[in-house]
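Data first, discussion second: the structure below is written as structure tokens.
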Amino acid sequence: MKIILNNNPEILEGNSITVNQLLQLKNFTFKMLIIKINGTLVQKGAYETTAIHDGDEVLVLHLISGG
Amino acid sequence: MTFEEIKKILQHKIVGIAGAGGLGSNCAVALARVGTGTLIIADFDVVSESNLNRQYFFYDQIGKPKADALKENIQRINPSVKVIPHNICLTKENIPALFRDCDVIVEAFDLAGQKEMLIETVLTEFPDKPLVVGLGMAGWGNNDVIHCRKVDNMFICGDEVSEITPDLPPIAPRVGIVANMQANVVLDLLLK
């Protein structure tokens, strides 16, 4: 399947993947994250159960300290 | 648009500023100078000497709650701005009530965990409200990598990579650039 991850096209195996699987696959190890799928926030507790499908647009924003 | 016309529009606008540190204090002052009607400013902290390398406070304000000190400073700049200070720690429970009436919310926290909490709360409670986030401004130099990008209703200002460390502290020039960039986005939104 093909998704858009942070504005870049990504080809992934299979028909769907959970948010947690995507984070592992892309080695996104930051603890502080904001994740949106097609413009909707994915709640923290739902990373294991929320699936990403073909054509989805995914934002993974790493939050870093400073201000 | 003349400055008189700009002021006329802005006087009815309300901006919420979450955090009155390096980002929040400088962003609030810029918005006050142009005549934003109401600023709701929340911070639990007091001014300390180490803040003065970047935050819009003065030596004789050390020990004062930041939200109150910022109100004081803004009123010396532009007394027509209404400043509502809240000396509280923002949480996902109190954010909705505090910022419900704001036209725009500015994320101006220091710690990544607080930024995450605020963004999650705003995206959950007010998905249509513009949110202007400051992300990555430690150190000095590297003007050219500081940017602003829009993700739905969220505007991200900063370089998105420079995290604070003992060897890469947040200091006035870069923090000020990002704070003013946030104010510039807010202005753009308010004048649309």
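Lettering and numbering for the structure tokens are positional, with chains as A, B, ... in the shown order, residues counted from 1 in each chain, and ligands counted from 1 in the shown order.
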Residues of chain A within 6 Å of chain B, using only C-alpha atoms, as a ChimeraX atom specification? /A:63-67
C-alpha atoms of the current selection, written as an mmCIF file, in the first residue's frame:
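Printed below is part.cif as written:
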data_model
loop_
_atom_site.group_PDB
_atom_site.id
_atom_site.type_symbol
_atom_site.label_atom_id
_atom_site.label_comp_id
_atom_site.auth_asym_id
_atom_site.auth_seq_id
_atom_site.Cartn_x
_atom_site.Cartn_y
_atom_site.Cartn_z
ATOM 1 C CA LEU A 63 8.138 17.416 20.009
ATOM 2 C CA ILE A 64 11.384 18.776 21.404
ATOM 3 C CA SER A 65 12.013 20.985 24.416
ATOM 4 C CA GLY A 66 12.786 24.680 24.240
ATOM 5 C CA GLY A 67 10.892 27.896 24.593
#
Looking only at strand (DSSP E or B) from DSSP on the backbone, list the matching residues of chain A as a PyMOL selection string. chain A and resi 2-5+8-11+16-18+33-37+40-41+51-53+57-62
Write out as JSON, numbers by chain each polymer residue whose atoms come within 12 Å of Ile52 of chain A, counting only C-alpha atoms; drop sequence neighbours fewer than 3 positions from it. {"A": [1, 2, 3, 4, 5, 12, 13, 14, 15, 16, 17, 18, 19, 20, 21, 22, 23, 35, 36, 37, 38, 42, 46, 47, 48, 49, 55, 56, 57, 58, 59]}
Find the residues around segment 41-48 of chain B up to 6 Å (only C-alpha atoms counted), leave out those fewer than 6 positions away in its own chain, and share them as a CSV table (one decimal) with C-alpha atoms, in the first residue's frame.
chain,number,residue,atom,x,y,z
B,17,ILE,CA,-0.8,32.4,25.2
B,18,ALA,CA,0.2,29.1,27.0
B,19,GLY,CA,3.4,29.8,28.8
B,20,ALA,CA,5.1,33.2,29.5
B,62,ILE,CA,12.9,38.4,39.7
B,63,GLY,CA,10.6,36.4,42.0
B,64,LYS,CA,7.4,37.8,40.6
B,65,PRO,CA,4.9,35.5,38.9
B,66,LYS,CA,5.6,35.6,35.2
B,67,ALA,CA,2.0,36.2,34.1
B,85,PRO,CA,-3.0,36.7,33.7
B,86,HIS,CA,-3.4,33.3,35.1
B,87,ASN,CA,-0.8,32.1,37.6
B,88,ILE,CA,-1.6,28.5,37.1
B,89,CYS,CA,-0.2,25.3,35.7
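Using only C-alpha atoms, the residues found no farther than 6 Å from segment 34-38 of chain B, other than those of its own chain fewer than 3 positions away, are Lys7, Leu10, Gln11, His12, Lys13, Ile14, Leu31, Val81, Lys82 and Val83 of chain B.
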Could you take the residues named above and write them with N, CA and C atoms, as a PDB file, in the first residue's frame?
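Written output follows (again_13.pdb):
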ATOM      1  N   LYS B   7      -5.303  48.199  13.714  1.00  0.00           N
ATOM      2  CA  LYS B   7      -5.645  48.311  15.139  1.00  0.00           C
ATOM      3  C   LYS B   7      -7.141  48.124  15.370  1.00  0.00           C
ATOM      4  N   LEU B  10      -7.865  44.470  15.236  1.00  0.00           N
ATOM      5  CA  LEU B  10      -7.235  43.707  16.323  1.00  0.00           C
ATOM      6  C   LEU B  10      -7.869  43.974  17.690  1.00  0.00           C
ATOM      7  N   GLN B  11      -8.464  45.141  17.866  1.00  0.00           N
ATOM      8  CA  GLN B  11      -8.964  45.478  19.206  1.00  0.00           C
ATOM      9  C   GLN B  11     -10.072  44.531  19.677  1.00  0.00           C
ATOM     10  N   HIS B  12     -10.701  43.832  18.739  1.00  0.00           N
ATOM     11  CA  HIS B  12     -11.768  42.898  19.123  1.00  0.00           C
ATOM     12  C   HIS B  12     -11.265  41.456  19.239  1.00  0.00           C
ATOM     13  N   LYS B  13      -9.981  41.248  19.035  1.00  0.00           N
ATOM     14  CA  LYS B  13      -9.459  39.880  18.984  1.00  0.00           C
ATOM     15  C   LYS B  13      -8.913  39.426  20.339  1.00  0.00           C
ATOM     16  N   ILE B  14      -8.997  38.121  20.552  1.00  0.00           N
ATOM     17  CA  ILE B  14      -8.515  37.521  21.802  1.00  0.00           C
ATOM     18  C   ILE B  14      -7.490  36.437  21.452  1.00  0.00           C
ATOM     19  N   LEU B  31       2.471  41.143  20.042  1.00  0.00           N
ATOM     20  CA  LEU B  31       1.031  41.249  19.794  1.00  0.00           C
ATOM     21  C   LEU B  31       0.436  42.460  20.506  1.00  0.00           C
ATOM     22  N   VAL B  81      -4.242  47.422  25.733  1.00  0.00           N
ATOM     23  CA  VAL B  81      -4.384  45.964  25.642  1.00  0.00           C
ATOM     24  C   VAL B  81      -4.900  45.434  26.978  1.00  0.00           C
ATOM     25  N   LYS B  82      -5.916  44.585  26.901  1.00  0.00           N
ATOM     26  CA  LYS B  82      -6.421  43.951  28.119  1.00  0.00           C
ATOM     27  C   LYS B  82      -5.641  42.650  28.324  1.00  0.00           C
ATOM     28  N   VAL B  83      -4.943  42.556  29.435  1.00  0.00           N
ATOM     29  CA  VAL B  83      -4.178  41.334  29.722  1.00  0.00           C
ATOM     30  C   VAL B  83      -4.851  40.600  30.873  1.00  0.00           C
TER      31      VAL B  83
END
Determine which residues of chain A DSSP labels as helix (DSSP H, G or I) from the backbone of this structure, then write them out as a PyMOL selection string. chain A and resi 19-25+44-46
Proximity to Val186 of chain B - best of B:Cys148, B:Leu118, B:Ile74, B:Gln61, only C-alpha atoms: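 Under the stated criterion, the closest residue is B:Cys148.
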